[in-house]
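Participant: My file is input-v3.txt. It has compact mmCIF, C-alpha atoms:
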# COMPACT_ATOMS: atom_id res chain seq x y z
CA MET A 1 97.87 110.16 85.88
CA LYS A 2 96.08 110.10 89.24
CA THR A 3 97.84 108.02 91.87
CA LEU A 4 96.72 106.69 95.25
CA VAL A 5 99.30 105.64 97.84
CA ILE A 6 97.97 103.31 100.53
CA GLY A 7 99.58 103.67 103.96
CA SER A 8 100.62 106.31 106.46
CA GLY A 9 104.29 105.75 107.26
CA GLY A 10 107.61 107.15 106.17
CA ARG A 11 107.88 104.80 103.21
CA GLU A 12 104.51 105.98 101.89
CA HIS A 13 105.39 109.65 102.44
CA ALA A 14 108.64 109.18 100.49
CA LEU A 15 106.81 107.45 97.64
CA ALA A 16 104.11 110.14 97.55
CA LEU A 17 106.79 112.84 97.44
CA ALA A 18 108.55 111.13 94.53
CA LEU A 19 105.25 110.74 92.68
CA SER A 20 104.44 114.42 93.23
CA ARG A 21 107.70 115.28 91.44
CA ASP A 22 106.84 113.12 88.41
CA PRO A 23 105.57 115.36 85.54
CA SER A 24 103.25 112.58 84.35
CA VAL A 25 101.44 112.47 87.73
CA THR A 26 98.66 115.05 87.86
CA GLN A 27 97.28 114.20 91.30
CA VAL A 28 98.55 112.35 94.36
CA HIS A 29 96.09 110.90 96.85
CA CYS A 30 96.98 109.05 100.06
CA ALA A 31 94.91 106.90 102.36
CA PRO A 32 94.97 107.25 105.27
CA GLY A 33 98.17 109.32 105.03
CA ASN A 34 99.77 111.51 107.69
CA PRO A 35 100.12 115.27 108.36
CA GLY A 36 103.30 115.56 106.29
CA MET A 37 101.68 113.96 103.28
CA ALA A 38 98.86 116.53 103.39
CA ASP A 39 101.27 119.11 101.94
CA ILE A 40 101.63 117.15 98.68
CA ALA A 41 98.51 114.98 98.46
CA THR A 42 94.80 114.76 99.14
CA LEU A 43 94.17 112.53 102.15
CA HIS A 44 91.31 110.06 102.55
CA GLN A 45 90.26 108.00 105.54
CA VAL A 46 90.18 104.30 104.76
CA ASP A 47 91.07 101.00 106.39
CA ALA A 48 94.23 100.17 104.44
CA SER A 49 93.67 96.42 104.87
CA ASP A 50 90.07 96.50 103.59
CA GLY A 51 90.37 95.63 99.91
CA THR A 52 86.75 96.49 99.13
CA ALA A 53 87.05 99.92 100.74
CA VAL A 54 90.33 100.69 98.98
CA ALA A 55 88.92 99.62 95.60
CA GLU A 56 85.79 101.72 96.14
CA LEU A 57 87.87 104.77 97.04
CA ALA A 58 90.08 104.35 93.98
CA THR A 59 87.03 103.98 91.75
CA THR A 60 85.26 107.01 93.22
CA VAL A 61 88.30 109.28 92.88
CA GLY A 62 89.13 108.02 89.38
CA ILE A 63 92.56 106.70 90.25
CA ASP A 64 94.82 105.39 87.48
CA LEU A 65 97.42 103.71 89.72
CA VAL A 66 97.21 102.41 93.28
CA VAL A 67 100.52 101.93 95.11
CA ILE A 68 100.26 99.77 98.23
CA GLY A 69 102.97 100.61 100.74
CA PRO A 70 102.67 98.39 103.86
CA GLU A 71 102.97 94.63 104.01
CA ALA A 72 99.77 93.92 105.95
CA PRO A 73 97.38 95.09 103.17
CA LEU A 74 99.36 93.07 100.62
CA VAL A 75 99.17 89.90 102.68
CA ALA A 76 95.44 90.63 103.19
CA GLY A 77 94.88 90.66 99.40
CA VAL A 78 94.14 94.35 98.87
CA ALA A 79 95.99 94.33 95.53
CA ASP A 80 93.66 91.58 94.28
CA ALA A 81 90.59 93.65 95.14
CA VAL A 82 91.97 96.72 93.36
CA ARG A 83 92.83 94.76 90.23
CA ALA A 84 89.40 93.12 90.26
CA ALA A 85 87.95 96.63 90.07
CA GLY A 86 89.86 97.21 86.84
CA ILE A 87 92.45 99.58 88.32
CA SER A 88 96.22 99.26 87.89
CA CYS A 89 97.89 98.30 91.16
CA PHE A 90 101.54 98.19 92.13
CA GLY A 91 101.84 95.41 94.68
CA PRO A 92 101.79 91.61 94.65
CA SER A 93 98.72 89.42 94.99
CA LYS A 94 97.80 87.83 98.31
CA GLU A 95 99.40 84.55 97.23
CA ALA A 96 102.60 86.17 95.97
CA ALA A 97 102.89 88.35 99.09
CA GLN A 98 103.48 85.17 101.09
CA LEU A 99 107.13 85.69 100.18
CA GLU A 100 107.01 88.12 103.09
CA GLY A 101 103.97 86.81 104.93
CA SER A 102 105.61 83.44 105.62
CA LYS A 103 109.35 83.00 106.00
CA ALA A 104 108.86 79.24 105.67
CA PHE A 105 107.20 79.76 102.28
CA ALA A 106 110.05 82.05 101.20
CA LYS A 107 112.59 79.37 102.11
CA GLU A 108 110.62 76.84 100.05
CA VAL A 109 110.65 79.15 97.03
CA MET A 110 114.36 79.85 97.41
CA ALA A 111 115.14 76.16 97.61
CA ALA A 112 113.18 75.49 94.41
CA ALA A 113 114.82 78.42 92.63
CA GLY A 114 118.35 77.60 93.79
CA VAL A 115 118.69 80.92 95.60
CA PRO A 116 121.53 81.01 98.16
CA THR A 117 120.27 81.50 101.72
CA ALA A 118 120.88 80.39 105.29
CA GLN A 119 120.07 76.86 106.36
CA ALA A 120 116.94 76.87 108.50
CA ARG A 121 114.44 74.74 110.36
CA VAL A 122 110.75 75.45 110.88
CA CYS A 123 109.84 74.96 114.55
CA ARG A 124 106.42 74.75 116.18
CA THR A 125 107.22 73.27 119.59
CA PRO A 126 109.77 73.97 122.35
CA ASP A 127 111.46 70.63 121.69
CA GLU A 128 111.87 71.43 118.00
CA ALA A 129 113.27 74.85 118.89
CA ARG A 130 115.79 73.42 121.34
CA ALA A 131 116.98 70.87 118.80
CA ALA A 132 117.38 73.52 116.10
CA LEU A 133 119.34 75.82 118.41
CA ASP A 134 121.68 72.97 119.23
CA THR A 135 122.13 72.17 115.54
CA PHE A 136 123.11 75.68 114.45
CA GLY A 137 124.74 76.94 117.63
CA ALA A 138 125.32 80.52 118.75
CA PRO A 139 124.78 83.24 117.72
CA TYR A 140 121.16 82.08 117.56
CA VAL A 141 118.85 83.49 114.87
CA VAL A 142 115.13 83.08 115.64
CA LYS A 143 112.53 84.56 113.27
CA ASP A 144 108.79 84.81 113.69
CA ASP A 145 107.34 83.10 110.63
CA GLY A 146 104.65 85.76 110.16
CA LEU A 147 104.56 89.54 109.86
CA ALA A 148 106.16 91.34 112.78
CA ALA A 149 106.64 94.93 111.56
CA GLY A 150 110.39 94.45 111.19
CA LYS A 151 110.87 93.41 114.83
CA GLY A 152 110.19 89.67 114.79
CA VAL A 153 113.84 88.61 114.64
CA VAL A 154 116.08 87.87 117.63
CA VAL A 155 119.82 87.42 117.12
CA THR A 156 121.49 86.52 120.40
CA SER A 157 124.07 84.33 122.09
CA ASP A 158 121.68 83.92 125.04
CA ARG A 159 120.01 80.53 124.54
CA ALA A 160 117.27 81.27 127.08
CA LEU A 161 116.36 84.48 125.27
CA ALA A 162 116.28 82.64 121.94
CA LEU A 163 113.97 79.97 123.40
CA ALA A 164 111.72 82.61 124.96
CA HIS A 165 111.27 84.33 121.59
CA ALA A 166 110.51 81.00 119.92
CA ALA A 167 107.91 80.25 122.60
CA SER A 168 106.21 83.62 122.03
CA CYS A 169 105.55 82.84 118.35
CA GLU A 170 103.17 80.31 116.84
CA GLN A 171 105.82 79.19 114.37
CA VAL A 172 109.44 80.25 113.96
CA LEU A 173 112.39 79.73 111.69
CA ILE A 174 115.66 79.00 113.42
CA GLU A 175 118.58 79.34 111.09
CA GLU A 176 122.33 79.55 110.85
CA PHE A 177 123.95 82.89 111.57
CA LEU A 178 125.24 84.71 108.49
CA ASP A 179 128.41 86.72 108.92
CA GLY A 180 129.22 89.89 107.02
CA PRO A 181 127.47 93.21 106.34
CA GLU A 182 123.80 93.34 105.41
CA VAL A 183 122.52 95.10 102.29
CA SER A 184 119.05 95.88 100.99
CA LEU A 185 118.47 95.54 97.25
CA PHE A 186 115.01 96.36 95.85
CA ALA A 187 113.71 95.38 92.45
CA VAL A 188 110.67 96.51 90.48
CA THR A 189 109.09 93.65 88.55
CA ASP A 190 106.00 92.90 86.49
CA GLY A 191 106.36 89.18 87.04
CA VAL A 192 108.71 88.70 84.08
CA THR A 193 111.07 91.65 83.69
CA VAL A 194 113.12 92.62 86.75
CA TYR A 195 114.72 96.05 87.24
CA PRO A 196 117.03 96.22 90.27
CA MET A 197 117.36 99.48 92.14
CA GLN A 198 120.47 100.85 93.81
CA PRO A 199 121.70 98.99 96.93
CA ALA A 200 121.10 100.62 100.31
CA GLN A 201 121.91 99.80 103.91
CA ASP A 202 119.76 100.39 106.97
CA PHE A 203 120.56 100.38 110.68
CA LYS A 204 118.20 98.21 112.72
CA ARG A 205 119.35 98.63 116.30
CA ILE A 206 118.26 101.57 118.42
CA SER A 207 121.69 102.82 119.53
CA ASP A 208 125.04 103.76 118.02
CA ASP A 209 127.52 101.00 117.17
CA ASP A 210 124.61 98.60 116.59
CA GLN A 211 123.76 98.33 120.28
CA GLY A 212 120.37 97.74 121.86
CA PRO A 213 117.23 96.01 120.58
CA ASN A 214 116.11 95.77 116.97
CA THR A 215 113.80 98.44 115.59
CA GLY A 216 112.05 98.95 112.28
CA GLY A 217 115.12 100.90 111.15
CA MET A 218 116.85 103.99 112.54
CA GLY A 219 118.33 105.28 109.30
CA ALA A 220 119.71 104.32 105.91
CA TYR A 221 121.99 105.48 103.12
CA THR A 222 122.79 104.88 99.48
CA PRO A 223 124.97 104.20 97.51
CA LEU A 224 127.36 101.79 99.22
CA PRO A 225 130.90 102.77 98.17
CA TRP A 226 132.32 99.64 99.79
CA ALA A 227 130.03 97.11 98.07
CA PRO A 228 131.40 94.85 95.32
CA TYR A 229 131.19 96.55 91.92
CA ASP A 230 129.22 93.64 90.45
CA LEU A 231 126.81 93.21 93.36
CA ILE A 232 123.70 94.28 91.43
CA ASP A 233 124.42 91.97 88.50
CA GLU A 234 125.20 89.05 90.80
CA VAL A 235 122.02 89.49 92.86
CA LEU A 236 119.89 89.92 89.75
CA GLY A 237 121.24 86.70 88.29
CA THR A 238 121.31 84.52 91.40
CA VAL A 239 118.47 85.89 93.54
CA LEU A 240 115.97 88.27 91.98
CA GLN A 241 115.35 86.82 88.52
CA PRO A 242 115.32 83.18 89.70
CA THR A 243 112.79 84.04 92.43
CA VAL A 244 110.51 85.90 90.02
CA ASP A 245 110.77 83.03 87.53
CA GLU A 246 109.94 80.45 90.21
CA MET A 247 106.90 82.42 91.36
CA ALA A 248 105.67 82.56 87.76
CA ARG A 249 106.28 78.82 87.35
CA ARG A 250 104.05 78.22 90.37
CA GLY A 251 101.23 80.20 88.80
CA THR A 252 101.52 83.01 91.36
CA PRO A 253 103.52 85.69 89.50
CA PHE A 254 105.11 88.34 91.70
CA GLN A 255 104.19 91.81 90.44
CA GLY A 256 105.43 94.73 92.50
CA LEU A 257 108.47 95.46 94.62
CA LEU A 258 110.68 92.52 95.58
CA TYR A 259 112.95 93.43 98.48
CA ALA A 260 115.97 91.21 99.03
CA GLY A 261 117.67 91.53 102.39
CA LEU A 262 121.18 90.20 101.81
CA ALA A 263 124.22 89.23 103.81
CA LEU A 264 127.59 89.56 102.09
CA THR A 265 129.17 86.60 103.82
CA SER A 266 132.65 85.15 103.59
CA ASN A 267 131.08 82.41 101.44
CA GLY A 268 129.28 84.80 99.09
CA VAL A 269 125.90 86.56 98.90
CA ARG A 270 123.11 84.97 100.94
CA VAL A 271 119.46 86.02 101.24
CA VAL A 272 118.49 86.92 104.80
CA GLU A 273 114.83 87.53 103.95
CA PHE A 274 112.43 88.71 101.28
CA ASN A 275 109.91 91.50 101.67
CA ALA A 276 107.04 92.18 99.28
CA ARG A 277 107.16 95.98 99.37
CA PHE A 278 109.46 98.98 99.60
CA GLY A 279 111.53 98.95 102.80
CA ASP A 280 111.48 101.63 105.45
CA PRO A 281 113.77 103.59 105.91
CA GLU A 282 115.76 102.60 102.79
CA THR A 283 113.02 103.99 100.53
CA GLN A 284 113.68 107.52 101.77
CA PRO A 285 117.27 107.91 100.49
CA LEU A 286 116.53 105.85 97.38
CA MET A 287 113.69 108.16 96.36
CA ALA A 288 115.94 111.16 97.03
CA LEU A 289 118.41 109.84 94.43
CA LEU A 290 115.96 108.48 91.86
CA ASP A 291 116.28 110.30 88.53
CA SER A 292 113.48 108.40 86.78
CA PRO A 293 109.75 109.24 86.79
CA LEU A 294 108.45 106.96 89.54
CA GLY A 295 104.85 106.93 88.35
CA GLU A 296 105.81 105.74 84.87
CA LEU A 297 107.98 102.95 86.31
CA LEU A 298 105.36 101.63 88.75
CA LYS A 299 102.49 101.92 86.25
CA ALA A 300 104.44 99.90 83.67
CA ALA A 301 105.11 97.19 86.25
CA ALA A 302 101.46 97.15 87.30
CA ASP A 303 100.35 96.79 83.67
CA SER A 304 102.79 93.96 82.79
CA ARG A 305 104.80 96.08 80.36
CA LEU A 306 107.88 96.93 82.37
CA HIS A 307 110.10 96.09 79.39
CA GLU A 308 108.62 99.09 77.57
CA VAL A 309 110.18 101.64 79.95
CA SER A 310 113.78 102.31 80.90
CA ALA A 311 115.40 100.85 83.99
CA PRO A 312 115.69 103.23 86.96
CA ARG A 313 118.27 106.00 86.63
CA TRP A 314 120.07 107.63 89.55
CA HIS A 315 121.44 111.06 90.31
CA PRO A 316 125.17 111.11 91.04
CA GLY A 317 125.92 111.70 94.69
CA ALA A 318 124.53 110.16 97.86
CA ALA A 319 121.56 110.33 100.20
CA VAL A 320 121.21 109.70 103.93
CA ALA A 321 118.09 109.32 106.08
CA VAL A 322 118.18 109.66 109.88
CA VAL A 323 115.16 108.56 111.92
CA LEU A 324 113.97 110.40 115.03
CA ALA A 325 112.15 108.01 117.36
CA SER A 326 109.90 108.70 120.32
CA LYS A 327 110.76 108.31 123.98
CA GLY A 328 110.66 104.67 125.04
CA TYR A 329 110.99 103.18 121.55
CA PRO A 330 111.23 100.30 120.64
CA GLU A 331 109.79 98.75 123.82
CA GLY A 332 106.99 101.32 123.70
CA SER A 333 106.43 104.82 122.42
CA SER A 334 105.43 108.15 123.89
CA LYS A 335 102.53 109.81 122.04
CA GLY A 336 101.17 113.34 122.06
CA ASP A 337 104.53 115.10 122.49
CA VAL A 338 104.61 118.41 120.61
CA ILE A 339 107.04 118.52 117.66
CA THR A 340 108.74 121.80 116.75
CA GLY A 341 111.36 122.90 114.26
CA VAL A 342 110.19 120.96 111.20
CA SER A 343 109.80 124.17 109.19
CA ASP A 344 113.36 125.16 110.11
CA VAL A 345 114.92 122.24 108.24
CA ILE A 346 116.74 123.28 105.06
CA ASP A 347 118.57 121.25 102.40
CA ALA A 348 116.63 118.14 103.43
CA ASP A 349 113.18 116.54 103.31
CA VAL A 350 111.35 115.80 106.55
CA ILE A 351 109.50 112.54 106.01
CA HIS A 352 106.65 111.90 108.44
CA ALA A 353 105.80 108.50 109.89
CA GLY A 354 104.43 108.54 113.46
CA THR A 355 102.93 112.02 113.54
CA ALA A 356 99.46 113.46 114.10
CA LEU A 357 97.72 116.79 114.58
CA SER A 358 96.30 117.72 117.98
CA GLU A 359 94.60 121.09 118.45
CA GLY A 360 96.50 122.43 115.49
CA GLN A 361 99.89 121.23 116.72
CA LEU A 362 102.08 118.53 115.23
CA VAL A 363 102.59 115.75 117.79
CA THR A 364 104.17 112.33 118.05
CA ALA A 365 101.91 109.36 117.28
CA GLY A 366 104.24 106.39 116.95
CA GLY A 367 107.64 104.90 117.62
CA ARG A 368 109.51 106.16 114.58
CA VAL A 369 108.27 109.72 114.28
CA LEU A 370 110.18 111.43 111.46
CA ALA A 371 113.08 110.84 109.10
CA VAL A 372 115.29 113.64 107.84
CA THR A 373 116.50 112.72 104.35
CA ALA A 374 119.22 114.69 102.62
CA PHE A 375 121.00 114.56 99.27
CA GLY A 376 124.63 115.52 98.80
CA GLU A 377 127.53 115.35 96.37
CA ASP A 378 128.90 112.54 98.56
CA LEU A 379 128.04 110.76 101.79
CA ASN A 380 129.81 113.33 103.94
CA GLN A 381 127.75 116.21 102.59
CA ALA A 382 124.53 114.18 102.74
CA ARG A 383 125.24 113.25 106.39
CA GLU A 384 126.03 116.84 107.33
CA ARG A 385 122.77 118.09 105.83
CA ALA A 386 120.71 115.30 107.38
CA TYR A 387 122.09 115.78 110.88
CA ARG A 388 121.75 119.56 110.64
CA GLY A 389 118.07 118.92 109.97
CA VAL A 390 117.81 116.51 112.88
CA GLU A 391 119.26 119.11 115.24
CA ALA A 392 116.58 121.61 114.17
CA ILE A 393 113.71 119.35 115.27
CA ASN A 394 112.62 118.99 118.87
CA PHE A 395 110.18 116.87 120.86
CA GLU A 396 110.40 115.45 124.36
CA GLY A 397 112.52 112.32 124.59
CA ALA A 398 113.55 112.34 120.93
CA GLN A 399 116.22 109.74 120.19
CA TRP A 400 118.33 109.11 117.11
CA ARG A 401 121.55 107.43 116.10
CA THR A 402 124.56 109.63 115.39
CA ASP A 403 126.42 107.09 113.26
CA ILE A 404 124.22 106.56 110.19
CA ALA A 405 126.64 106.09 107.24
CA LYS A 406 129.48 107.43 109.38
CA LEU A 407 131.94 104.63 108.73
CA ALA A 408 131.11 104.40 105.04
CA ALA A 409 131.59 108.15 104.65
CA SER A 410 134.91 108.18 106.49
CA ALA A 411 136.34 105.05 104.91
CA THR A 412 135.42 105.37 101.24
CA THR A 413 139.07 105.31 100.29
CA ASP A 414 139.53 101.98 102.07
CA GLN A 415 136.77 99.69 100.84
CA SER A 416 137.89 96.71 102.91
CA ALA A 417 137.84 98.77 106.09
CA ALA A 418 134.44 100.20 105.25
CA ARG A 419 133.02 96.77 104.50
CA GLU A 420 134.29 95.39 107.79
CA ALA A 421 133.09 98.39 109.77
CA GLU A 422 129.55 98.40 108.38
CA GLY A 423 128.72 95.01 109.85
CA PRO A 424 125.28 93.40 110.27
CA SER A 425 122.73 96.03 111.19
Let's see the structure in the file written out as structure tokens.

Facilitator:
Amino acid sequence: MKTLVIGSGGREHALALALSRDPSVTQVHCAPGNPGMADIATLHQVDASDGTAVAELATTVGIDLVVIGPEAPLVAGVADAVRAAGISCFGPSKEAAQLEGSKAFAKEVMAAAGVPTAQARVCRTPDEARAALDTFGAPYVVKDDGLAAGKGVVVTSDRALALAHAASCEQVLIEEFLDGPEVSLFAVTDGVTVYPMQPAQDFKRISDDDQGPNTGGMGAYTPLPWAPYDLIDEVLGTVLQPTVDEMARRGTPFQGLLYAGLALTSNGVRVVEFNARFGDPETQPLMALLDSPLGELLKAAADSRLHEVSAPRWHPGAAVAVVLASKGYPEGSSKGDVITGVSDVIDADVIHAGTALSEGQLVTAGGRVLAVTAFGEDLNQARERAYRGVEAINFEGAQWRTDIAKLAASATTDQSAAREAEGPS
């Protein structure tokens, strides 16, 4: 099977790496890709959000399965163009991708499906925003209704800051604050059958102890030793399957990766948001633990026969990913800084995201530059290997968190303490 991964970030690199390790996959192609992906795949230059161009590339190369990584091409309808060309595509249609493209639409679907989520109001004017903030009170949660690359959410007790964020967006959702730790749970679906993956947790803020502004994610780990034992079954029954069923009822079946961002509140599981694709950086540790052939799983979902293959299997143990970000991130990012030490990393995968080649040297090209992902017998060993890899890599102004999975690893014998410690990220 020839596969084509669309995108150039860490999520796409992790998926391409997992596909390259699938015996049924004979070739991996990536477009546009990044320097790290060049070691395992053939790279092609293409506008990832141009459905016609992507479909033409897939046809020319003779691709059997296209996997669309980022949200923007999905919302732009690239999956529709690929399917129209007669090629299997893992990723929802333009209409179905509105589960991520519009938070207001996602709330509408959840309400119809009876999915538990935060109360929210859609606001388009300053007066509406002020009224909503007064209704829900602090901490204020203000979300850009559209795509914002994981950074469109402000959670603050500063009312002026909340209003300023609302004013900077065309339309926002203002909703009640959800207490409790946040968890990411992905599911592969063909629009009927739903296979949940293993829960993971990411760390959104730039600095240790969840300080500083939100980022696209500074690290992640899986499994979650402190999570309720029946979490997967509960989320499948109350969130994932009802949402997929509701999308089918509407005539816009969701076929691809449904990402449920969850809060484990004192009142039970609540959906924070849906995404329509694999999350970054949670994908990195999940792919490190996956013991199923990824290509077979995604192809079956793309061809509406997911029930014919087994649900995902997982290696015992744990995996941790630690992101190295560029100087100035997330407010900005330094580019062109020379990266050294990648080849010195052992017992871990170095997943590229914001990298480029300049005069034969690997350099920074984005905010989140690399992620070191390591597998271990437990979280402690996985953390040790990941951070040893981080220490081997150097570029000017590199920044990373030192506490990814730290509390979970140190408190696995006290699940209540671990759950309390790993609060909202």

Participant: Between A:Pro253, A:Lys406, A:Leu258, A:Ser266, single out the one closest to Phe203 of chain A, counting only C-alpha atoms.

Facilitator: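 For Phe203 of chain A, the nearest of the given residues is A:Lys406.
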
Participant: From the set A:Thr60, A:Gln198, A:Ser157, A:Gln399, which residue has the shortest atom-to-atom contact distance to Gly328 of chain A, counting all atoms listed in the file?

Facilitator: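 The closest residue to Gly328 of chain A is A:Gln399.
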
Participant: Excluding same-chain residues fewer than 4 positions from Phe177 of chain A, what lies within 9 Å of it counting only C-alpha atoms, as a list in words?

Facilitator: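 Non-adjacent residues within range: Ala118, Gln119, Phe136, Gly137, Ala138, Pro139, Tyr140, Val141 and Val155 of chain A.
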
Participant: Return as JSON the centre and edge lengths, in Å with one decimal, of the box along x, y and z that encloses every atom of segment 304-307 of chain A in the file, padded by 5 Å per side.

Facilitator:
{"center_x": 106.4, "center_y": 95.4, "center_z": 81.1, "size_x": 17.3, "size_y": 13.0, "size_z": 13.4}

Participant: Name the closest residue to Gly237 of chain A among the candidates A:Leu379, A:Ala409, A:Ala113, A:Val350; distances are taken between atoms, counting only C-alpha atoms.

Facilitator: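 Among the listed residues, the smallest separation from Gly237 of chain A belongs to A:Ala113.
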